[in-house]
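Engineer: Have a look at this one before I ask anything.
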Amino acid sequence: MSRFDPAHLELLRLARLLKVDPDRLEPLSGLPVEDLRTLRDRIAERLFEEGRDAFQRAANVANFVPAPLAAKLAEHALGPVLAARTTAVTPPQKAVELSGRFSAGFLADVAEEIDPRVVDDLVQSLPARVVADVGRELAAREEWLVMADFVGGISSPALVATVDALSTEAILRIAVYLEDPDRLDEVVALLDDDRLADAVTVARAEGLEEELAWITESVGDEQRARIPS
């Protein structure tokens with residue numbers, strides 16, 4: 001199975017959700033990608049529902065205290081795991097307000113603990129600056145899969161800011177994990193001719209020729225024609 005095969009990528013996502021080594025899920029490698037995605041969805045739903053009432057109460061508290069205090073409590077008392085669960089039941093408008101008060105490092109910690117599909121309204125509403133800062137932090141940690149899952153759901157302005165903030169190498173490493181081909185096209189379209197030429201140079205220098213080849217094969221005809229051979 002190719003490491004860029006959708007079923008393989010789905011196994012990586014499932015392993016991250018379960019916090020296990022991907023090798024432990026090898027017996028599932030023969031399942032169709034649709035079945036793996038359904039399995040991941042059901043597990044994510046189950047994990048989200050566990051303790052929902054308690055996290056809802058914690059989210060309600062945030063509505064009755066000033067935003068600076070709520071942010072301090074979340075970052076220093078809850079920690080990233082509990083903050084991620086609480087974020088999932090916090091009204092998006094309140095969560096967006098709080099996001100600007102967290103450090104990029106803490107938001108990156110939370111991003112590693114949450115399924116972005118559970119908070120898609122929030123992800124779509126996050127300010128471009130916040131998304132770009134968190135993107136830089138996750139790239140520094142080489143959390144390419146986490147980055148890809150969030151890039152798949154952010155707004156177009158946030159995507160522009162994030163692509164501008166990341167190195168060409170980071171974009172190559174993230175792009176192969178994107179699930180939505182239209183979003184991959186958007187990412188490549190945001191790279192001017194100089195950056196696309198740089199992508200070829202970086203791919204050769206960093207051993208990312210396979211990533212570049214996969215991206216070239218996966219984008220639409222218009223963007224494929226722009227990538228230097």
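Simple scheme: letters A, B, ... for chains in structure tokens order, numbers from 1 for residues in each chain, numbers from 1 for ligands in the order shown.
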List as a list in words the protein and nucleic acid residues near Ser125 in chain A, meaning an atom at most 8 Å away when only C-alpha atoms are counted, but skip any in the same chain fewer than 6 places from it.
Structural biologist: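 Result of the neighbour search: Pro92, Val96, Ile154 and Ser155 of chain A.
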Engineer: Excluding Arg226 in chain A and any residue of its chain fewer than 3 positions from it, enumerate the residues within 10 Å of it, using only C-alpha atoms, and give them as a ChimeraX atom specification.
Structural biologist: /A:188-189,191-193,196-197,216,221-223,229
Engineer: Please write the residues from the selection above to a file, keeping C-alpha atoms, as a PDB file, in the first residue's frame.
Structural biologist:
```
ATOM      1  CA  VAL A 188      -1.151  25.150  -5.228  1.00  0.00           C
ATOM      2  CA  ALA A 189      -2.966  28.099  -6.804  1.00  0.00           C
ATOM      3  CA  LEU A 191       1.917  29.485  -4.839  1.00  0.00           C
ATOM      4  CA  ASP A 192       3.323  31.894  -7.395  1.00  0.00           C
ATOM      5  CA  ASP A 193       5.675  30.712 -10.119  1.00  0.00           C
ATOM      6  CA  LEU A 196       6.509  26.464  -7.497  1.00  0.00           C
ATOM      7  CA  ALA A 197      10.030  26.505  -8.928  1.00  0.00           C
ATOM      8  CA  THR A 216       1.325  17.014  -9.454  1.00  0.00           C
ATOM      9  CA  ASP A 221      -5.103  20.311 -15.171  1.00  0.00           C
ATOM     10  CA  GLU A 222      -4.770  24.078 -14.671  1.00  0.00           C
ATOM     11  CA  GLN A 223      -2.519  23.833 -11.625  1.00  0.00           C
ATOM     12  CA  SER A 229       8.734  19.376 -14.621  1.00  0.00           C
TER      13      SER A 229
END
```
Engineer: Within 12 Å of range 112-121 of chain A, which residues of range 32-53 of chain A come that close, and what is the closest atom pair and distance in Å for each? Count only C-alpha atoms and give it as a Markdown table.
Structural biologist:
```
| residue | atom | partner | partner_atom | distance |
| --- | --- | --- | --- | --- |
| A:Arg40 | CA | A:Asp115 | CA | 10.3 |
| A:Asp41 | CA | A:Arg117 | CA | 9.5 |
| A:Ile43 | CA | A:Asp115 | CA | 11.0 |
| A:Ala44 | CA | A:Asp115 | CA | 7.4 |
| A:Glu45 | CA | A:Val118 | CA | 8.5 |
| A:Arg46 | CA | A:Val118 | CA | 11.7 |
| A:Leu47 | CA | A:Asp115 | CA | 10.2 |
| A:Phe48 | CA | A:Val118 | CA | 8.2 |
| A:Glu49 | CA | A:Val118 | CA | 11.0 |
```
Engineer: Which residues are near Asp133 in chain A? Cut-off 6 Å, only C-alpha atoms, ignore same chain within fewer than 3 positions. Put them as a PyMOL selection string.
Structural biologist: chain A and resi 104+130+136
Engineer: Find the residues near Phe106 in chain A: any atom within 9 Å, counting only C-alpha atoms, skip ones fewer than 6 places away on the same chain, and give them as a ChimeraX atom specification.
Structural biologist: /A:75,79-80,134
Engineer: Pick out the residues sitting within 8 Å of Ala128 in chain A, and hand them over as a list in words; count only C-alpha atoms, and ignore anything fewer than 3 positions along from it in its own chain.
Structural biologist: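 Counting only the stated atoms, we get Val131, Ala132, Ser155, Pro157, Ala158, Leu159, Ala161 and Thr162 of chain A.
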Engineer: Neighbouring residues of Leu212 in chain A were defined as those with any atom within 8 Å, considering only C-alpha atoms; residues of the same chain fewer than 2 positions away were excluded. Please report them as an NGL selection string.
Structural biologist: :A and (172 or 199-200 or 203 or 208-210 or 214-216)
Engineer: What are the DSSP alpha helix (DSSP H) residues of range 39-138 of chain A, as a PyMOL selection string?
Structural biologist: chain A and resi 39-49+52-62+67-73+79-87+92-99+104-113+120-125+128-138
